[in-house]
$ cat upload_38.cif   # mmCIF, C-alpha atoms
data_protein
#
loop_
_atom_site.label_atom_id
_atom_site.label_comp_id
_atom_site.auth_asym_id
_atom_site.auth_seq_id
_atom_site.Cartn_x
_atom_site.Cartn_y
_atom_site.Cartn_z
CA MET A 154 -7.15 -8.53 0.19
CA THR A 155 -10.77 -9.31 -0.68
CA LYS A 156 -11.04 -12.00 -3.33
CA LYS A 157 -13.26 -11.79 -6.39
CA ILE A 158 -16.04 -13.97 -7.71
CA TYR A 159 -17.29 -14.16 -11.29
CA PHE A 160 -20.38 -15.85 -12.68
CA LYS A 161 -20.06 -17.72 -15.99
CA ALA A 162 -23.26 -17.05 -17.94
CA VAL A 163 -22.74 -19.45 -20.82
CA PRO A 164 -25.35 -19.93 -22.20
CA PHE A 165 -26.94 -16.60 -21.29
CA ASP A 166 -29.89 -16.87 -18.90
CA LYS A 167 -31.44 -13.60 -17.73
CA SER A 168 -32.82 -15.03 -14.48
CA LEU A 169 -29.45 -16.52 -13.50
CA VAL A 170 -27.57 -13.35 -14.38
CA THR A 171 -30.04 -11.39 -12.24
CA LEU A 172 -29.47 -13.83 -9.37
CA ALA A 173 -25.71 -13.43 -9.76
CA LEU A 174 -25.96 -9.64 -9.67
CA GLU A 175 -28.20 -9.76 -6.60
CA SER A 176 -25.69 -12.10 -4.94
CA GLY A 177 -22.93 -9.51 -5.30
CA VAL A 178 -20.59 -11.09 -7.82
CA ASP A 179 -17.78 -8.89 -9.17
CA GLY A 180 -18.52 -9.60 -12.80
CA ILE A 181 -20.17 -11.82 -15.41
CA LEU A 182 -18.32 -13.90 -18.00
CA ALA A 183 -20.39 -14.33 -21.16
CA GLU A 184 -20.27 -14.67 -24.91
CA LYS A 185 -19.40 -11.39 -26.62
CA GLY A 186 -22.87 -11.02 -28.08
CA ASP A 187 -24.46 -11.15 -24.61
CA LEU A 188 -22.33 -8.48 -22.91
CA GLU A 189 -24.70 -5.58 -23.64
CA LYS A 190 -27.65 -7.58 -22.24
CA ILE A 191 -25.75 -8.01 -18.98
CA GLN A 192 -24.81 -4.35 -18.67
CA ALA A 193 -28.47 -3.45 -19.18
CA LEU A 194 -29.37 -5.46 -16.07
CA GLY A 195 -26.96 -3.78 -13.63
CA ARG A 196 -23.73 -1.87 -13.21
CA THR A 197 -21.13 -4.63 -13.28
CA GLN A 198 -18.16 -5.95 -15.21
CA ALA A 199 -19.33 -7.80 -18.31
CA LEU A 200 -16.35 -9.81 -19.55
CA ASP A 201 -15.84 -11.80 -22.73
CA VAL A 202 -15.47 -15.42 -21.69
CA GLN A 203 -13.08 -15.89 -24.62
CA ASP A 204 -10.57 -13.72 -22.75
CA PHE A 205 -10.29 -16.43 -20.08
CA ASN A 206 -8.32 -19.63 -20.60
CA PHE A 207 -10.01 -22.52 -18.76
CA LEU A 208 -7.38 -25.21 -18.19
CA SER A 209 -7.67 -28.76 -16.91
CA ILE A 210 -4.58 -29.81 -14.95
CA GLU A 211 -3.99 -33.52 -15.54
CA LYS A 212 -0.21 -33.69 -15.82
CA LYS A 213 2.91 -31.69 -15.02
CA GLU A 214 2.99 -30.16 -18.49
CA ASP A 215 -0.48 -28.66 -17.88
CA GLU A 216 0.75 -27.08 -14.67
CA GLU A 217 3.76 -25.59 -16.46
CA LYS A 218 1.51 -24.30 -19.25
CA ALA A 219 -0.72 -22.56 -16.69
CA VAL A 220 2.26 -20.82 -15.08
CA GLN A 221 3.67 -19.71 -18.44
CA SER A 222 0.28 -18.38 -19.53
CA LEU A 223 -0.18 -16.46 -16.27
CA LYS A 224 3.28 -14.93 -16.51
CA ALA A 225 2.44 -13.89 -20.07
CA GLY A 226 -0.50 -11.90 -18.73
CA GLN A 227 -3.30 -14.27 -19.69
CA ASN A 228 -6.39 -14.91 -17.56
CA VAL A 229 -6.14 -18.54 -16.48
CA VAL A 230 -8.95 -20.40 -14.70
CA LEU A 231 -8.25 -23.89 -13.36
CA ALA A 232 -11.09 -26.26 -14.18
CA ARG A 233 -12.95 -28.19 -11.47
CA GLY A 234 -11.41 -31.46 -10.37
CA VAL A 235 -7.83 -30.22 -10.18
CA GLU A 236 -5.69 -31.76 -7.44
CA ILE A 237 -4.45 -29.51 -4.62
CA ILE A 238 -0.71 -30.01 -5.14
CA PRO A 239 -0.65 -28.59 -8.70
CA VAL A 240 -2.68 -25.60 -7.54
CA GLU A 241 -0.21 -25.01 -4.69
CA ASN A 242 2.65 -25.13 -7.18
CA ILE A 243 0.93 -22.58 -9.42
CA VAL A 244 -0.10 -20.22 -6.60
CA ALA A 245 3.44 -20.35 -5.18
CA GLN A 246 4.73 -18.92 -8.48
CA THR A 247 1.90 -16.52 -9.28
CA PRO A 248 -1.32 -16.08 -7.27
CA GLN A 249 -3.18 -14.33 -10.11
CA VAL A 250 -4.96 -17.53 -11.08
CA GLY A 251 -8.68 -18.26 -10.98
CA MET A 252 -10.40 -21.51 -10.08
CA GLU A 253 -13.78 -22.98 -10.96
CA CYS A 254 -15.88 -23.80 -7.88
CA ALA A 255 -19.39 -25.16 -7.46
CA THR A 256 -19.81 -25.39 -3.66
CA VAL A 257 -18.91 -23.46 -0.53
CA GLN A 258 -16.50 -26.27 0.41
CA GLU A 259 -14.67 -25.93 -2.90
CA VAL A 260 -14.45 -22.17 -2.37
CA ASP A 261 -12.94 -22.71 1.09
CA THR A 262 -10.32 -24.98 -0.45
CA ALA A 263 -9.52 -22.54 -3.28
CA LEU A 264 -9.17 -19.54 -0.96
CA GLY A 265 -7.11 -21.44 1.62
CA ILE A 266 -4.36 -22.79 -0.62
CA LEU A 267 -0.95 -21.84 0.81
CA GLU A 268 -2.83 -19.50 3.18
CA LYS A 269 -3.25 -16.93 0.39
CA GLY A 270 -5.47 -18.75 -2.06
CA VAL A 271 -6.30 -18.14 -5.68
CA ASP A 272 -7.08 -14.60 -6.84
CA TYR A 273 -10.67 -15.26 -7.86
CA VAL A 274 -13.24 -18.01 -8.29
CA VAL A 275 -15.62 -18.68 -11.17
CA VAL A 276 -19.03 -20.30 -10.69
CA ASP A 277 -21.64 -21.26 -13.27
CA ALA A 278 -25.30 -22.28 -13.54
CA GLN A 279 -24.86 -25.54 -11.64
CA SER A 280 -24.00 -23.46 -8.56
CA ALA A 281 -27.20 -21.40 -8.67
CA GLY A 282 -28.62 -23.04 -5.56
CA GLU A 283 -25.58 -22.05 -3.47
CA LEU A 284 -24.62 -18.87 -5.30
CA LYS A 285 -25.58 -16.46 -2.53
CA LYS A 286 -23.72 -18.51 0.08
CA ILE A 287 -20.69 -18.81 -2.17
CA ALA A 288 -20.65 -15.07 -2.91
CA ALA A 289 -20.99 -14.20 0.79
CA ARG A 290 -18.10 -16.53 1.64
CA VAL A 291 -15.85 -14.97 -1.02
CA LYS A 292 -16.78 -11.34 -0.40
CA GLN A 293 -17.35 -11.21 3.35
CA ASP A 294 -15.88 -14.17 5.22
CA GLN A 295 -12.53 -13.30 6.83
CA GLY A 296 -11.83 -16.52 8.70
CA ARG A 297 -11.43 -16.72 12.46
CA LEU A 298 -9.33 -14.70 14.89
CA GLU A 299 -8.05 -15.83 18.26
CA LEU A 300 -9.55 -13.65 20.99
CA ILE A 301 -8.49 -13.51 24.63
CA PRO A 302 -10.36 -12.65 27.86
CA GLY A 303 -8.71 -9.40 28.93
CA ARG A 304 -9.08 -8.50 32.61
CA ILE A 305 -10.12 -4.91 33.24
CA THR A 306 -7.50 -3.11 35.35
CA ARG A 307 -8.57 0.53 35.11
CA ILE A 308 -11.58 2.66 34.17
CA THR A 309 -10.96 6.40 34.25
CA PRO A 310 -12.93 9.40 32.91
CA VAL A 311 -10.57 11.49 30.75
CA GLY A 312 -12.75 14.41 29.67
CA LEU A 313 -14.10 15.45 26.30
CA GLY A 314 -12.90 14.15 22.95
CA HIS A 315 -14.01 13.39 19.43
CA ARG A 316 -15.53 9.94 19.12
CA VAL A 317 -16.40 8.08 15.94
CA CYS A 318 -19.64 6.23 15.22
CA VAL A 319 -19.24 3.78 12.35
CA ASP A 320 -22.52 3.15 10.56
CA THR A 321 -22.22 0.08 8.33
CA ILE A 322 -24.60 -1.00 5.59
CA SER A 323 -25.08 -4.34 7.38
CA LEU A 324 -27.28 -5.42 10.27
CA LEU A 325 -25.08 -6.91 13.00
CA ASN A 326 -25.89 -9.39 15.73
CA THR A 327 -25.39 -9.38 19.49
CA ALA A 328 -21.72 -9.92 20.40
CA GLU A 329 -20.55 -8.65 17.00
CA GLY A 330 -18.56 -5.49 16.56
CA MET A 331 -15.17 -3.97 15.76
CA LEU A 332 -11.74 -4.45 17.29
CA VAL A 333 -10.52 -1.06 18.55
CA GLY A 334 -7.60 0.03 20.71
CA ASN A 335 -4.94 2.61 21.49
CA SER A 336 -2.41 0.14 20.07
CA SER A 337 -2.61 -2.32 17.22
CA ALA A 338 -1.03 -4.83 19.61
CA PHE A 339 -4.06 -4.96 21.93
CA THR A 340 -7.59 -4.26 20.74
CA PHE A 341 -11.00 -4.53 22.42
CA LEU A 342 -14.15 -5.99 20.85
CA VAL A 343 -16.64 -3.08 20.87
CA ASN A 344 -20.18 -4.39 20.47
CA ALA A 345 -22.52 -2.91 17.87
CA GLU A 346 -25.58 -1.06 19.17
CA THR A 347 -27.69 -4.21 19.07
CA GLU A 348 -29.15 -4.04 22.59
CA SER A 349 -32.33 -2.37 23.81
CA ASN A 350 -32.31 0.21 26.59
CA PRO A 351 -34.89 2.65 28.02
CA TYR A 352 -33.42 5.67 26.23
CA VAL A 353 -32.43 4.73 22.67
CA ALA A 354 -33.72 2.16 20.18
CA PRO A 355 -31.21 -0.45 18.97
CA ARG A 356 -29.19 0.55 15.92
CA PRO A 357 -27.63 -2.80 14.91
CA PHE A 358 -25.85 -1.23 11.94
CA ARG A 359 -23.80 1.07 14.20
CA ILE A 360 -20.63 0.66 16.23
CA ASN A 361 -19.84 3.56 18.55
CA ALA A 362 -16.22 2.66 18.12
CA GLY A 363 -14.15 5.11 20.15
CA ALA A 364 -11.84 8.09 19.95
CA VAL A 365 -10.68 9.40 16.57
CA HIS A 366 -7.03 8.35 17.08
CA SER A 367 -7.86 4.71 17.78
CA TYR A 368 -6.69 1.80 15.69
CA THR A 369 -9.26 -0.54 14.24
CA CYS A 370 -8.75 -3.79 12.35
CA LEU A 371 -9.57 -4.12 8.66
CA PRO A 372 -9.90 -7.11 6.34
CA GLY A 373 -6.63 -8.46 4.99
CA ASP A 374 -4.64 -8.12 8.23
CA ARG A 375 -4.55 -4.33 8.02
CA THR A 376 -5.39 -1.51 10.43
CA THR A 377 -6.39 2.12 10.15
CA TYR A 378 -7.32 5.03 12.41
CA LEU A 379 -11.04 5.45 13.02
CA GLU A 380 -10.89 9.01 11.68
CA GLU A 381 -9.62 7.72 8.32
CA LEU A 382 -12.73 5.62 7.66
CA GLY A 383 -15.36 6.93 5.25
CA PRO A 384 -18.30 5.82 3.10
CA GLY A 385 -17.27 2.78 1.05
CA SER A 386 -14.48 1.74 3.43
CA GLN A 387 -14.40 -1.89 4.48
CA VAL A 388 -14.12 -2.74 8.18
CA LEU A 389 -13.61 -6.03 9.98
CA ILE A 390 -16.59 -7.26 11.98
CA VAL A 391 -15.76 -9.88 14.61
CA SER A 392 -17.98 -11.99 16.87
CA GLY A 393 -17.26 -12.93 20.45
CA GLN A 394 -16.26 -16.36 19.15
CA GLY A 395 -13.69 -14.81 16.82
CA ASP A 396 -15.58 -15.32 13.54
CA ALA A 397 -14.63 -12.44 11.23
CA LYS A 398 -16.29 -10.91 8.19
CA SER A 399 -16.07 -7.69 6.24
CA ALA A 400 -18.68 -4.93 6.21
CA VAL A 401 -18.95 -1.72 4.22
CA VAL A 402 -19.16 1.70 5.89
CA GLY A 403 -22.15 3.81 4.92
CA ARG A 404 -21.45 6.83 7.12
CA ILE A 405 -19.06 8.12 9.76
CA LYS A 406 -20.36 10.40 12.51
CA THR A 407 -17.78 12.21 14.65
CA GLU A 408 -18.89 14.28 17.65
CA VAL A 409 -17.45 15.63 20.91
CA ARG A 410 -18.45 13.48 23.88
CA PRO A 411 -17.19 12.64 27.41
CA MET A 412 -14.73 9.76 27.21
CA LEU A 413 -13.43 6.89 29.34
CA LEU A 414 -9.97 5.33 29.36
CA ILE A 415 -10.33 1.56 29.82
CA SER A 416 -7.27 -0.65 30.39
CA ALA A 417 -6.95 -4.44 30.47
CA GLU A 418 -4.30 -7.16 30.66
CA PHE A 419 -3.92 -10.83 29.79
CA GLU A 420 -0.88 -12.96 30.62
CA GLY A 421 1.58 -10.10 30.32
CA HIS A 422 -0.17 -8.38 27.43
CA GLN A 423 -1.56 -4.95 28.26
CA GLY A 424 -3.67 -2.49 26.34
CA SER A 425 -6.20 0.29 26.54
CA VAL A 426 -8.98 1.94 24.61
CA ILE A 427 -10.83 5.27 24.88
CA LEU A 428 -14.59 4.98 24.48
CA GLN A 429 -17.54 7.29 24.96
CA ASN A 430 -18.88 7.41 28.53
CA ALA A 431 -22.46 6.30 27.81
CA GLU A 432 -24.72 3.36 28.64
CA THR A 433 -25.16 2.38 24.99
CA ILE A 434 -21.44 1.66 24.49
CA ARG A 435 -20.69 -1.97 25.25
CA LEU A 436 -17.75 -4.32 25.17
CA VAL A 437 -18.24 -8.08 24.75
CA GLY A 438 -17.81 -10.04 27.95
CA ALA A 439 -16.02 -13.37 28.31
CA ASP A 440 -19.47 -15.00 28.48
CA ASN A 441 -20.22 -13.57 25.01
CA SER A 442 -22.75 -11.07 26.34
CA PRO A 443 -22.46 -7.29 25.86
CA VAL A 444 -21.53 -5.27 28.95
CA SER A 445 -22.04 -1.51 29.14
CA VAL A 446 -18.98 0.61 29.92
CA VAL A 447 -20.94 2.35 32.71
CA LYS A 448 -21.44 -1.02 34.45
CA LEU A 449 -17.93 -2.33 33.79
CA LYS A 450 -15.81 -3.03 36.89
CA GLU A 451 -12.15 -3.73 37.52
CA GLY A 452 -11.62 -7.48 37.38
CA ASP A 453 -14.30 -8.03 34.72
CA GLN A 454 -13.22 -9.94 31.64
CA VAL A 455 -13.90 -8.70 28.11
CA MET A 456 -12.96 -10.12 24.73
CA CYS A 457 -9.78 -8.66 23.24
CA ARG A 458 -7.17 -9.48 20.66
CA ALA A 459 -3.44 -9.51 21.38
CA ASP A 460 -1.17 -8.97 18.40
CA GLU A 461 2.29 -7.69 17.59
CA ALA A 462 2.83 -3.93 17.34
CA GLY A 463 4.37 -2.67 14.13
CA ARG A 464 2.29 -1.08 11.38
CA HIS A 465 3.16 1.33 8.59
CA PHE A 466 0.16 2.87 6.82
CA GLY A 467 -1.87 -0.01 8.24
CA MET A 468 0.37 -2.77 6.87
CA ARG A 469 2.20 -5.18 9.16
CA ILE A 470 5.97 -4.57 9.34
CA GLN A 471 8.87 -5.97 11.34
CA GLU A 472 10.19 -3.03 13.33
CA ASP A 473 10.93 -2.13 16.94
CA ILE A 474 7.84 -0.10 17.81
CA ARG A 475 6.54 0.63 21.30
CA GLU A 476 3.04 1.92 21.85
CA LYS A 477 1.33 2.77 25.12
#
$ encode --input "upload_38.cif" --output "structure tokens"
Amino acid sequence: MTKKIYFKAVPFDKSLVTLALESGVDGILAEKGDLEKIQALGRTQALDVQDFNFLSIEKKEDEEKAVQSLKAGQNVVLARGVEIIPVENIVAQTPQVGMECATVQEVDTALGILEKGVDYVVVDAQSAGELKKIAARVKQDQGRLELIPGRITRITPVGLGHRVCVDTISLLNTAEGMLVGNSSAFTFLVNAETESNPYVAPRPFRINAGAVHSYTCLPGDRTTYLEELGPGSQVLIVSGQGDAKSAVVGRIKTEVRPMLLISAEFEGHQGSVILQNAETIRLVGADNSPVSVVKLKEGDQVMCRADEAGRHFGMRIQEDIREK
């Protein structure tokens, strides 16, 4: 689940609040008398800072007080300088805790505790210089995935079908795209339309992702069918190196096009994907360069992800499921 970031505007400073809103924070904490000023600057949550209990954790009793307050429904924010062990103890009992952070490194620590992290982070004026980086890390960064070089074993035209173009509201780079496949257990990295060709200008916001039935990976270790995406959906964008981030869908375009069935394997793992048969559709090669599906050959290696099958409404489950 995407974490949240709040900016603490105490004392109120219009320029800093504007910076926070432009950075994409989820809300502003401020004195009650300043809340209307904040709402006049942009559509956001303007929250009374008095509704948040900022706690310093210096001894075991402070840790116990934080847990009791959280279980009582209070908003608890752990002050900067807290040791990791007390935070782990608190998060293990209730993850709905916030944490003050001033740097990207502190955010990484807060969001990585017990592999689930705190629920939200709070930054203030001293973080203004890094605010945009901090907000991007909280809102977009999805860690790193292990990708594998799948060896192409089959490329077969399969006729007409509905394919889905996913237009995001982000500009993507070469060797970035979405993980798509016929099974959630084996997905292919489909490159965004970042490359030039003689026929169509690059559209680096777009991923021509594949057939409507296909699985694609989402933030938070979830999956969905391509046809279920819509404006405002979040999708997982992955690089050829495995770096993952979230992006927001602006539009979905579904049309009938000729399709290809592409199969690959890696050390006993096998999978396939159905993509449009066109020069502009590219997978990401093992050398981190995009390769068009019309130039793809058996034996070529492309970046894939091997996972365990077993999803129910996109959530991982432990169940005997076979997909092919």
$ resolve_selection --input "upload_38.cif" --expression "the PyMOL selection byres ((chain A and resi 265) around 12)" --output "PDB file with C-alpha atoms, keeping the file's coordinate frame"
ATOM      1  CA  LYS A 156     -11.040 -12.000  -3.330  1.00  0.00           C
ATOM      2  CA  ILE A 237      -4.450 -29.510  -4.620  1.00  0.00           C
ATOM      3  CA  VAL A 240      -2.680 -25.600  -7.540  1.00  0.00           C
ATOM      4  CA  GLU A 241      -0.210 -25.010  -4.690  1.00  0.00           C
ATOM      5  CA  VAL A 244      -0.100 -20.220  -6.600  1.00  0.00           C
ATOM      6  CA  PRO A 248      -1.320 -16.080  -7.270  1.00  0.00           C
ATOM      7  CA  GLN A 258     -16.500 -26.270   0.410  1.00  0.00           C
ATOM      8  CA  GLU A 259     -14.670 -25.930  -2.900  1.00  0.00           C
ATOM      9  CA  VAL A 260     -14.450 -22.170  -2.370  1.00  0.00           C
ATOM     10  CA  ASP A 261     -12.940 -22.710   1.090  1.00  0.00           C
ATOM     11  CA  THR A 262     -10.320 -24.980  -0.450  1.00  0.00           C
ATOM     12  CA  ALA A 263      -9.520 -22.540  -3.280  1.00  0.00           C
ATOM     13  CA  LEU A 264      -9.170 -19.540  -0.960  1.00  0.00           C
ATOM     14  CA  ILE A 266      -4.360 -22.790  -0.620  1.00  0.00           C
ATOM     15  CA  LEU A 267      -0.950 -21.840   0.810  1.00  0.00           C
ATOM     16  CA  GLU A 268      -2.830 -19.500   3.180  1.00  0.00           C
ATOM     17  CA  LYS A 269      -3.250 -16.930   0.390  1.00  0.00           C
ATOM     18  CA  GLY A 270      -5.470 -18.750  -2.060  1.00  0.00           C
ATOM     19  CA  VAL A 271      -6.300 -18.140  -5.680  1.00  0.00           C
ATOM     20  CA  ASP A 272      -7.080 -14.600  -6.840  1.00  0.00           C
ATOM     21  CA  TYR A 273     -10.670 -15.260  -7.860  1.00  0.00           C
ATOM     22  CA  VAL A 291     -15.850 -14.970  -1.020  1.00  0.00           C
ATOM     23  CA  ASP A 294     -15.880 -14.170   5.220  1.00  0.00           C
ATOM     24  CA  GLN A 295     -12.530 -13.300   6.830  1.00  0.00           C
ATOM     25  CA  GLY A 296     -11.830 -16.520   8.700  1.00  0.00           C
TER      26      GLY A 296
END
$ closest_residue --input "upload_38.cif" --among "A:Val250, A:Leu313, A:Val426, A:Ile181" --to "A:Pro411" --atoms "all atoms listed in the file"
A:Leu313
$ atom_distance --input "upload_38.cif" --atom1 "atom CA of A:Leu413" --atom2 "atom CA of A:Ile427"
5.4 Å
$ resolve_selection --input "upload_38.cif" --expression "the PyMOL selection byres ((chain A and resi 287) around 9)" --output "PDB file with C-alpha atoms, keeping the file's coordinate frame"
ATOM      1  CA  ILE A 158     -16.040 -13.970  -7.710  1.00  0.00           C
ATOM      2  CA  SER A 176     -25.690 -12.100  -4.940  1.00  0.00           C
ATOM      3  CA  CYS A 254     -15.880 -23.800  -7.880  1.00  0.00           C
ATOM      4  CA  ALA A 255     -19.390 -25.160  -7.460  1.00  0.00           C
ATOM      5  CA  THR A 256     -19.810 -25.390  -3.660  1.00  0.00           C
ATOM      6  CA  VAL A 257     -18.910 -23.460  -0.530  1.00  0.00           C
ATOM      7  CA  GLN A 258     -16.500 -26.270   0.410  1.00  0.00           C
ATOM      8  CA  VAL A 260     -14.450 -22.170  -2.370  1.00  0.00           C
ATOM      9  CA  VAL A 276     -19.030 -20.300 -10.690  1.00  0.00           C
ATOM     10  CA  SER A 280     -24.000 -23.460  -8.560  1.00  0.00           C
ATOM     11  CA  GLU A 283     -25.580 -22.050  -3.470  1.00  0.00           C
ATOM     12  CA  LEU A 284     -24.620 -18.870  -5.300  1.00  0.00           C
ATOM     13  CA  LYS A 285     -25.580 -16.460  -2.530  1.00  0.00           C
ATOM     14  CA  LYS A 286     -23.720 -18.510   0.080  1.00  0.00           C
ATOM     15  CA  ALA A 288     -20.650 -15.070  -2.910  1.00  0.00           C
ATOM     16  CA  ALA A 289     -20.990 -14.200   0.790  1.00  0.00           C
ATOM     17  CA  ARG A 290     -18.100 -16.530   1.640  1.00  0.00           C
ATOM     18  CA  VAL A 291     -15.850 -14.970  -1.020  1.00  0.00           C
ATOM     19  CA  LYS A 292     -16.780 -11.340  -0.400  1.00  0.00           C
TER      20      LYS A 292
END
$ residues_around --input "upload_38.cif" --residues "A:Lys398" --least-positions-apart "2" --cutoff "8 Å" --atoms "all atoms listed in the file" --output "count of residues only"
10
$ residues_around --input "upload_38.cif" --residues "A:Thr340" --least-positions-apart "4" --cutoff "7 Å" --atoms "only C-alpha atoms" --output "ChimeraX atom specification"
/A:332-334,336,457-459
$ residues_around --input "upload_38.cif" --residues "A:Leu174" --least-positions-apart "3" --cutoff "8 Å" --atoms "only C-alpha atoms" --output "PDB file with C-alpha atoms, in the frame of the given file"
ATOM      1  CA  VAL A 170     -27.570 -13.350 -14.380  1.00  0.00           C
ATOM      2  CA  THR A 171     -30.040 -11.390 -12.240  1.00  0.00           C
ATOM      3  CA  GLY A 177     -22.930  -9.510  -5.300  1.00  0.00           C
ATOM      4  CA  VAL A 178     -20.590 -11.090  -7.820  1.00  0.00           C
ATOM      5  CA  GLY A 195     -26.960  -3.780 -13.630  1.00  0.00           C
ATOM      6  CA  THR A 197     -21.130  -4.630 -13.280  1.00  0.00           C
TER       7      THR A 197
END
$ closest_residue --input "upload_38.cif" --among "A:Ala173, A:Leu342, A:Leu428, A:Leu298" --to "A:Ala397" --atoms "all atoms listed in the file"
A:Leu298
$ closest_residue --input "upload_38.cif" --among "A:Val274, A:Leu382, A:Val409, A:Ile360" --to "A:Met252" --atoms "only C-alpha atoms"
A:Val274
$ residues_around --input "upload_38.cif" --residues "A:Gly438" --least-positions-apart "6" --cutoff "9 Å" --atoms "all atoms listed in the file" --output "list in words"
Pro302, Ala328, Leu342, Gly393, Val444, Asp453, Gln454, Val455 and Met456 of chain A
$ atom_distance --input "upload_38.cif" --atom1 "atom CA of A:Ile243" --atom2 "atom CA of A:Asn228"
13.4 Å
$ closest_residue --input "upload_38.cif" --among "A:Ala338, A:Val319, A:Val163, A:Ala278" --to "A:Pro357" --atoms "all atoms listed in the file"
A:Val319
$ atom_distance --input "upload_38.cif" --atom1 "atom CA of A:Gly180" --atom2 "atom CA of A:Leu231"
17.6 Å
$ closest_residue --input "upload_38.cif" --among "A:Lys161, A:Arg297, A:Lys448, A:Lys224" --to "A:Gln198" --atoms "all atoms listed in the file"
A:Lys161
$ closest_residue --input "upload_38.cif" --among "A:Gln387, A:Gln429, A:Thr247, A:Ser209" --to "A:Val311" --atoms "only C-alpha atoms"
A:Gln429
$ resolve_selection --input "upload_38.cif" --expression "the PyMOL selection byres ((chain A and resi 364) around 7)" --output "JSON, numbers by chain"
{"A": [314, 315, 316, 317, 363, 365, 366, 367, 427, 428]}
$ write_last_selection --input "upload_38.cif" --atoms "C-alpha atoms" --output "mmCIF file, keeping the file's coordinate frame"
data_model
loop_
_atom_site.group_PDB
_atom_site.id
_atom_site.type_symbol
_atom_site.label_atom_id
_atom_site.label_comp_id
_atom_site.auth_asym_id
_atom_site.auth_seq_id
_atom_site.Cartn_x
_atom_site.Cartn_y
_atom_site.Cartn_z
ATOM 1 C CA GLY A 314 -12.900 14.150 22.950
ATOM 2 C CA HIS A 315 -14.010 13.390 19.430
ATOM 3 C CA ARG A 316 -15.530 9.940 19.120
ATOM 4 C CA VAL A 317 -16.400 8.080 15.940
ATOM 5 C CA GLY A 363 -14.150 5.110 20.150
ATOM 6 C CA VAL A 365 -10.680 9.400 16.570
ATOM 7 C CA HIS A 366 -7.030 8.350 17.080
ATOM 8 C CA SER A 367 -7.860 4.710 17.780
ATOM 9 C CA ILE A 427 -10.830 5.270 24.880
ATOM 10 C CA LEU A 428 -14.590 4.980 24.480
#
$ residues_near_point --input "upload_38.cif" --point "(-27.8, 2.4, 15.8)" --cutoff "10 Å" --atoms "all atoms listed in the file" --output "ChimeraX atom specification"
/A:318-321,324,345-348,353-361,433
$ write_last_selection --input "upload_38.cif" --atoms "C-alpha atoms" --output "PDB file, keeping the file's coordinate frame"
ATOM      1  CA  CYS A 318     -19.640   6.230  15.220  1.00  0.00           C
ATOM      2  CA  VAL A 319     -19.240   3.780  12.350  1.00  0.00           C
ATOM      3  CA  ASP A 320     -22.520   3.150  10.560  1.00  0.00           C
ATOM      4  CA  THR A 321     -22.220   0.080   8.330  1.00  0.00           C
ATOM      5  CA  LEU A 324     -27.280  -5.420  10.270  1.00  0.00           C
ATOM      6  CA  ALA A 345     -22.520  -2.910  17.870  1.00  0.00           C
ATOM      7  CA  GLU A 346     -25.580  -1.060  19.170  1.00  0.00           C
ATOM      8  CA  THR A 347     -27.690  -4.210  19.070  1.00  0.00           C
ATOM      9  CA  GLU A 348     -29.150  -4.040  22.590  1.00  0.00           C
ATOM     10  CA  VAL A 353     -32.430   4.730  22.670  1.00  0.00           C
ATOM     11  CA  ALA A 354     -33.720   2.160  20.180  1.00  0.00           C
ATOM     12  CA  PRO A 355     -31.210  -0.450  18.970  1.00  0.00           C
ATOM     13  CA  ARG A 356     -29.190   0.550  15.920  1.00  0.00           C
ATOM     14  CA  PRO A 357     -27.630  -2.800  14.910  1.00  0.00           C
ATOM     15  CA  PHE A 358     -25.850  -1.230  11.940  1.00  0.00           C
ATOM     16  CA  ARG A 359     -23.800   1.070  14.200  1.00  0.00           C
ATOM     17  CA  ILE A 360     -20.630   0.660  16.230  1.00  0.00           C
ATOM     18  CA  ASN A 361     -19.840   3.560  18.550  1.00  0.00           C
ATOM     19  CA  THR A 433     -25.160   2.380  24.990  1.00  0.00           C
TER      20      THR A 433
END
$ build_atoms --input "upload_38.cif" --residues "stretch 258-263 of chain A" --atoms "N, CA, C and O atoms" --output "short mmCIF file (atom, residue, chain, number, x, y, z; two decimals), in the coordinates of the input"
data_model
loop_
_atom_site.label_atom_id
_atom_site.label_comp_id
_atom_site.auth_asym_id
_atom_site.auth_seq_id
_atom_site.Cartn_x
_atom_site.Cartn_y
_atom_site.Cartn_z
N GLN A 258 -17.69 -25.51 -0.01
CA GLN A 258 -16.50 -26.27 0.41
C GLN A 258 -15.37 -26.11 -0.60
O GLN A 258 -14.20 -25.97 -0.22
N GLU A 259 -15.70 -26.13 -1.88
CA GLU A 259 -14.67 -25.93 -2.90
C GLU A 259 -14.09 -24.52 -2.83
O GLU A 259 -12.90 -24.32 -3.05
N VAL A 260 -14.93 -23.54 -2.53
CA VAL A 260 -14.45 -22.17 -2.37
C VAL A 260 -13.48 -22.09 -1.20
O VAL A 260 -12.41 -21.45 -1.28
N ASP A 261 -13.84 -22.72 -0.08
CA ASP A 261 -12.94 -22.71 1.09
C ASP A 261 -11.58 -23.29 0.74
O ASP A 261 -10.54 -22.77 1.17
N THR A 262 -11.59 -24.37 -0.03
CA THR A 262 -10.32 -24.98 -0.45
C THR A 262 -9.53 -24.03 -1.34
O THR A 262 -8.33 -23.81 -1.14
N ALA A 263 -10.20 -23.43 -2.32
CA ALA A 263 -9.52 -22.54 -3.28
C ALA A 263 -8.92 -21.33 -2.59
O ALA A 263 -7.80 -20.91 -2.91
#
